[in-house]
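Asker: This is the structure I have questions about; it appears just below.
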Amino acid sequence: MPDLPNLEAKRAALDQHLRGLGRTLVAYSGGVDSAFLAWAAHQALGSDMLAVIADSPSLARAQLADATAFASEHGIPLEIIITDELERPEYVRNDASRCFHCKDELCTVMEEFRSRRGFDAIAYGVNLDDQGDFRPGQKAADQHHVAAPLRQAGLSKQDIRELSRAAGLRVWDKPASACLSSRIEYGREVTREALGVVEQGEDALHVLGFRQVRVRHHGDIVRIEIAREELSRALSPEMAAEFTRIFKPLGFKFVTLDLEGFRSGSMNTLLPAEALTRR
């Protein structure tokens, strides 16, 4: 059972933090954290907030459409901006700092937008649990002085899901999402072609009825991750044939199913320990 008095106190703290920011841009992706933050900011600030979604080849079209739909459903003002992380060689080379350069590009573009449009602050949806993970993008956000209201209010991922459910937000149980570049093994260049292959593969898996998936791109090998509660359905000769039918035409020579199932950030296990400890 959720600790309702504690949740209510955190929710009040969130409102207080948001009101203290003034006119605020919310970095919005449509995931549960940023969607809840955008909704809460709209509740607290009204017309003094604007959700901003960054469009680039690393954002799946289905994610963009769903994010736009959610904002429309709740009357949240939204604008789409374009980011050009693929023009950054340090991003394309796809080493352990890729997320830093992605977030740095986003924050740079949003800061220019903020200054031009007369907003006071930029906020993003990092939560309390994210502090214990390898997320170099947070370093970039901190360097750009981006506010983290959810983290400041002490909200965990579960808290955010519970508050979203209580508010009737359909995203409350939305599976975790991340940019398409996170599916490409470190050291393999991020290209539009590779991102397109990953997106097509994941769209096809969703059509098959799987809800939580990742298509991990290892060159000639695709490593398919499916949520453990859905994994038994994937473990059949018939589904193996479907996976082969989908992924061979996308250019993969070998089609594999990861028997550990979906794990957020599983590519990070391939990084050396010293890379994971650099924050």
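Just so we're on the same page: first chain in the structure tokens is A, next is B, and so on; residues restart at 1 for each chain, and ligands are numbered from 1 in the order they show up.
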Write out as JSON, numbers by chain each polymer residue whose atoms come within 8 Å of Gly251 of chain A, counting only C-alpha atoms; drop sequence neighbours fewer than 3 positions from it.
Answerer: {"A": [220, 247, 248]}
Asker: Apply DSSP to the structure's backbone, then extract all residues of segment 12-180 of chain A labelled alpha helix (DSSP H) and return them as a PyMOL selection string.
Answerer: chain A and resi 12-21+32-45+61-73+89-92+98-117+136-143+149-152+157-166
Asker: Quick one: which segment 88-124 of chain A residues come within 12 Å of segment 72-82 of chain A, and what is the nearest atom pair for each with the distance in Å to one decimal, counting only C-alpha atoms, rows ordered by chain and ascending number, as a Markdown table?
Answerer:
```
| residue | atom | partner | partner_atom | distance |
| --- | --- | --- | --- | --- |
| A:Glu105 | CA | A:Ile82 | CA | 10.2 |
| A:Leu106 | CA | A:Ile82 | CA | 8.9 |
| A:Cys107 | CA | A:Ile81 | CA | 11.6 |
| A:Thr108 | CA | A:Ile82 | CA | 11.6 |
| A:Val109 | CA | A:Ile81 | CA | 8.2 |
| A:Met110 | CA | A:Ile81 | CA | 8.3 |
| A:Glu111 | CA | A:Ile81 | CA | 11.8 |
| A:Glu112 | CA | A:Ile81 | CA | 11.1 |
| A:Phe113 | CA | A:Ile81 | CA | 8.8 |
| A:Arg114 | CA | A:Ile81 | CA | 11.8 |
| A:Arg117 | CA | A:Glu79 | CA | 11.9 |
```
Asker: Selected residues, C-alpha atoms, written as a PDB file, in the first residue's frame, please.
Answerer:
```pdb
ATOM      1  CA  GLU A 105      22.725  19.263 -27.222  1.00  0.00           C
ATOM      2  CA  LEU A 106      19.188  19.272 -25.821  1.00  0.00           C
ATOM      3  CA  CYS A 107      20.035  21.690 -23.011  1.00  0.00           C
ATOM      4  CA  THR A 108      21.900  24.022 -25.379  1.00  0.00           C
ATOM      5  CA  VAL A 109      18.950  24.193 -27.775  1.00  0.00           C
ATOM      6  CA  MET A 110      16.449  24.597 -24.935  1.00  0.00           C
ATOM      7  CA  GLU A 111      18.518  27.353 -23.311  1.00  0.00           C
ATOM      8  CA  GLU A 112      18.496  29.302 -26.578  1.00  0.00           C
ATOM      9  CA  PHE A 113      14.732  28.723 -26.810  1.00  0.00           C
ATOM     10  CA  ARG A 114      14.242  29.789 -23.166  1.00  0.00           C
ATOM     11  CA  ARG A 117      10.911  33.208 -25.456  1.00  0.00           C
TER      12      ARG A 117
END
```
Asker: Which is closest to Gly118 of chain A among A:Glu185, A:Asp258, A:Glu238, A:Asp48, if we use only C-alpha atoms?
Answerer: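 For Gly118 of chain A, the nearest of the candidates is A:Asp48.
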Asker: Which residues are near Asp15 of chain A? Cut-off 12 Å, only C-alpha atoms, ignore same chain within fewer than 2 positions. Put them as a ChimeraX atom specification.
Answerer: /A:8-13,17-22,37-46,149-150,152-153
Asker: Between atom CA of Val222 of chain A and atom CA of Val255 of chain A, measure the distance and give it in Å to one decimal.
Answerer: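 Answer for the atom CA of Val222 of chain A to atom CA of Val255 of chain A separation: 5.3 Å.
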Asker: So that I can check the surroundings of Glu199 of chain A, please list as number ranges by chain every protein, DNA and RNA residue that reaches within 10 Å of it, counting only C-alpha atoms and ignoring chain neighbours fewer than 2 positions away.
Answerer: A: 57-62, 180, 183, 193-197, 201-205, 214-215
Asker: Keeping only N, CA, C and O atoms, write those residues as a JSON list (two decimals), in the first residue's frame.
Answerer:
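And here is the file that came out, selection03.json:
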```json
[["chain", "number", "residue", "atom", "x", "y", "z"],
["A", 57, "PRO", "N", 16.25, 11.90, -35.09],
["A", 57, "PRO", "CA", 16.13, 10.51, -35.52],
["A", 57, "PRO", "C", 16.17, 9.49, -34.38],
["A", 57, "PRO", "O", 15.77, 8.34, -34.58],
["A", 58, "SER", "N", 16.62, 9.88, -33.19],
["A", 58, "SER", "CA", 16.68, 8.94, -32.08],
["A", 58, "SER", "C", 15.36, 8.84, -31.31],
["A", 58, "SER", "O", 15.25, 8.06, -30.37],
["A", 59, "LEU", "N", 14.36, 9.63, -31.71],
["A", 59, "LEU", "CA", 13.04, 9.56, -31.09],
["A", 59, "LEU", "C", 12.11, 8.77, -32.00],
["A", 59, "LEU", "O", 11.86, 9.16, -33.15],
["A", 60, "ALA", "N", 11.59, 7.66, -31.50],
["A", 60, "ALA", "CA", 10.67, 6.83, -32.29],
["A", 60, "ALA", "C", 9.40, 7.61, -32.62],
["A", 60, "ALA", "O", 8.88, 8.37, -31.79],
["A", 61, "ARG", "N", 8.89, 7.40, -33.84],
["A", 61, "ARG", "CA", 7.69, 8.11, -34.27],
["A", 61, "ARG", "C", 6.49, 7.77, -33.37],
["A", 61, "ARG", "O", 5.64, 8.64, -33.10],
["A", 62, "ALA", "N", 6.42, 6.53, -32.91],
["A", 62, "ALA", "CA", 5.31, 6.14, -32.05],
["A", 62, "ALA", "C", 5.38, 6.89, -30.72],
["A", 62, "ALA", "O", 4.35, 7.29, -30.16],
["A", 180, "LEU", "N", 16.35, 5.77, -29.03],
["A", 180, "LEU", "CA", 16.73, 4.63, -29.86],
["A", 180, "LEU", "C", 18.24, 4.39, -29.87],
["A", 180, "LEU", "O", 18.70, 3.26, -30.04],
["A", 183, "ARG", "N", 19.98, 1.59, -27.86],
["A", 183, "ARG", "CA", 19.89, 0.18, -28.30],
["A", 183, "ARG", "C", 21.15, -0.26, -29.06],
["A", 183, "ARG", "O", 21.32, -1.44, -29.34],
["A", 193, "GLU", "N", 20.53, 5.03, -40.29],
["A", 193, "GLU", "CA", 20.14, 3.70, -40.76],
["A", 193, "GLU", "C", 19.97, 2.74, -39.59],
["A", 193, "GLU", "O", 18.97, 2.00, -39.53],
["A", 194, "ALA", "N", 20.93, 2.75, -38.67],
["A", 194, "ALA", "CA", 20.84, 1.85, -37.51],
["A", 194, "ALA", "C", 19.65, 2.19, -36.64],
["A", 194, "ALA", "O", 18.93, 1.31, -36.16],
["A", 195, "LEU", "N", 19.41, 3.47, -36.43],
["A", 195, "LEU", "CA", 18.25, 3.89, -35.64],
["A", 195, "LEU", "C", 16.95, 3.46, -36.31],
["A", 195, "LEU", "O", 16.02, 3.01, -35.64],
["A", 196, "GLY", "N", 16.89, 3.57, -37.63],
["A", 196, "GLY", "CA", 15.71, 3.15, -38.36],
["A", 196, "GLY", "C", 15.44, 1.67, -38.25],
["A", 196, "GLY", "O", 14.29, 1.24, -38.10],
["A", 197, "VAL", "N", 16.51, 0.87, -38.29],
["A", 197, "VAL", "CA", 16.37, -0.58, -38.15],
["A", 197, "VAL", "C", 15.83, -0.94, -36.77],
["A", 197, "VAL", "O", 14.93, -1.79, -36.62],
["A", 201, "GLY", "N", 12.20, -2.70, -35.99],
["A", 201, "GLY", "CA", 12.14, -3.95, -35.25],
["A", 201, "GLY", "C", 11.24, -3.86, -34.03],
["A", 201, "GLY", "O", 10.43, -4.77, -33.77],
["A", 202, "GLU", "N", 11.36, -2.78, -33.27],
["A", 202, "GLU", "CA", 10.54, -2.64, -32.07],
["A", 202, "GLU", "C", 9.07, -2.44, -32.43],
["A", 202, "GLU", "O", 8.19, -2.98, -31.76],
["A", 203, "ASP", "N", 8.81, -1.68, -33.49],
["A", 203, "ASP", "CA", 7.42, -1.52, -33.93],
["A", 203, "ASP", "C", 6.81, -2.88, -34.29],
["A", 203, "ASP", "O", 5.66, -3.17, -33.94],
["A", 204, "ALA", "N", 7.59, -3.73, -34.95],
["A", 204, "ALA", "CA", 7.09, -5.05, -35.35],
["A", 204, "ALA", "C", 6.82, -5.93, -34.13],
["A", 204, "ALA", "O", 5.84, -6.69, -34.11],
["A", 205, "LEU", "N", 7.67, -5.84, -33.11],
["A", 205, "LEU", "CA", 7.44, -6.61, -31.88],
["A", 205, "LEU", "C", 6.18, -6.14, -31.16],
["A", 205, "LEU", "O", 5.44, -6.95, -30.60],
["A", 214, "ARG", "N", 13.11, -4.38, -26.17],
["A", 214, "ARG", "CA", 14.26, -3.64, -26.65],
["A", 214, "ARG", "C", 14.88, -4.45, -27.79],
["A", 214, "ARG", "O", 15.03, -5.68, -27.68],
["A", 215, "VAL", "N", 15.26, -3.76, -28.85],
["A", 215, "VAL", "CA", 16.01, -4.36, -29.94],
["A", 215, "VAL", "C", 17.44, -3.88, -29.81],
["A", 215, "VAL", "O", 17.74, -2.71, -30.07]]
```
Asker: From a backbone DSSP assignment, name each residue in segment 95-263 of chain A labelled strand (DSSP E), as a ChimeraX atom specification.
Answerer: /A:121-123,213-218,221-226,254-257
Asker: Put those residues in a file: C-alpha atoms, as a PDB file, in the first residue's frame.
Answerer:
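Generated output (result09.pdb):
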```pdb
ATOM      1  CA  ALA A 121      13.859  28.141 -16.017  1.00  0.00           C
ATOM      2  CA  ILE A 122      14.146  24.712 -17.619  1.00  0.00           C
ATOM      3  CA  ALA A 123      13.066  21.578 -15.738  1.00  0.00           C
ATOM      4  CA  VAL A 213      10.793  -4.726 -25.608  1.00  0.00           C
ATOM      5  CA  ARG A 214      14.262  -3.644 -26.654  1.00  0.00           C
ATOM      6  CA  VAL A 215      16.009  -4.361 -29.940  1.00  0.00           C
ATOM      7  CA  ARG A 216      19.728  -4.369 -29.106  1.00  0.00           C
ATOM      8  CA  HIS A 217      21.882  -3.761 -32.178  1.00  0.00           C
ATOM      9  CA  HIS A 218      25.206  -5.659 -32.152  1.00  0.00           C
ATOM     10  CA  ILE A 221      23.551  -9.795 -34.400  1.00  0.00           C
ATOM     11  CA  VAL A 222      20.262  -8.563 -32.993  1.00  0.00           C
ATOM     12  CA  ARG A 223      19.602  -9.295 -29.312  1.00  0.00           C
ATOM     13  CA  ILE A 224      15.888  -9.117 -28.554  1.00  0.00           C
ATOM     14  CA  GLU A 225      14.879  -8.305 -24.988  1.00  0.00           C
ATOM     15  CA  ILE A 226      11.295  -8.939 -23.893  1.00  0.00           C
ATOM     16  CA  PHE A 254      21.877 -13.720 -36.568  1.00  0.00           C
ATOM     17  CA  VAL A 255      18.626 -13.317 -34.613  1.00  0.00           C
ATOM     18  CA  THR A 256      18.844 -13.971 -30.865  1.00  0.00           C
ATOM     19  CA  LEU A 257      16.476 -13.782 -27.900  1.00  0.00           C
TER      20      LEU A 257
END
```
Asker: Which one of A:Ala240, A:Leu231, A:Cys102, A:Ala176 sits closest to Ala140 of chain A if you count only C-alpha atoms?
Answerer: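 Counting only C-alpha atoms, the residue closest to Ala140 of chain A is A:Cys102.
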Asker: Report, in Å to a single decimal, how far apart atom CA of Ser47 of chain A and atom CA of Ala147 of chain A are.
Answerer: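 Computing it gives 18.6 Å between the two atoms.
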Asker: Would you please work out which residue, of A:Asp66, A:Glu242, A:Asp104, A:Asp120, is nearest to Arg88 of chain A when using only C-alpha atoms?
Answerer: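 Comparing A:Asp66, A:Glu242, A:Asp104, A:Asp120 against Arg88 of chain A, the winner is A:Asp104.
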Asker: Give me, please, the distance in Å between atom CA of Ser236 of chain A and atom CA of Met267 of chain A, quoted to one decimal.
Answerer: 25.5 Å
Asker: Which residues, written as a PyMOL selection string, have at least one atom at most 12 Å from segment 98-100 of chain A, with only C-alpha atoms counted and residues fewer than 5 positions away on the same chain left out?
Answerer: chain A and resi 58+85-86+88-93+105-108+134-144+178-182+184-190+265+268+275+278-279
Asker: I need the residue nearest Ser156 of chain A from this list: A:Leu208, A:Leu25, A:Ala227, A:Leu7. Use only C-alpha atoms for the distance.
Answerer: A:Leu7
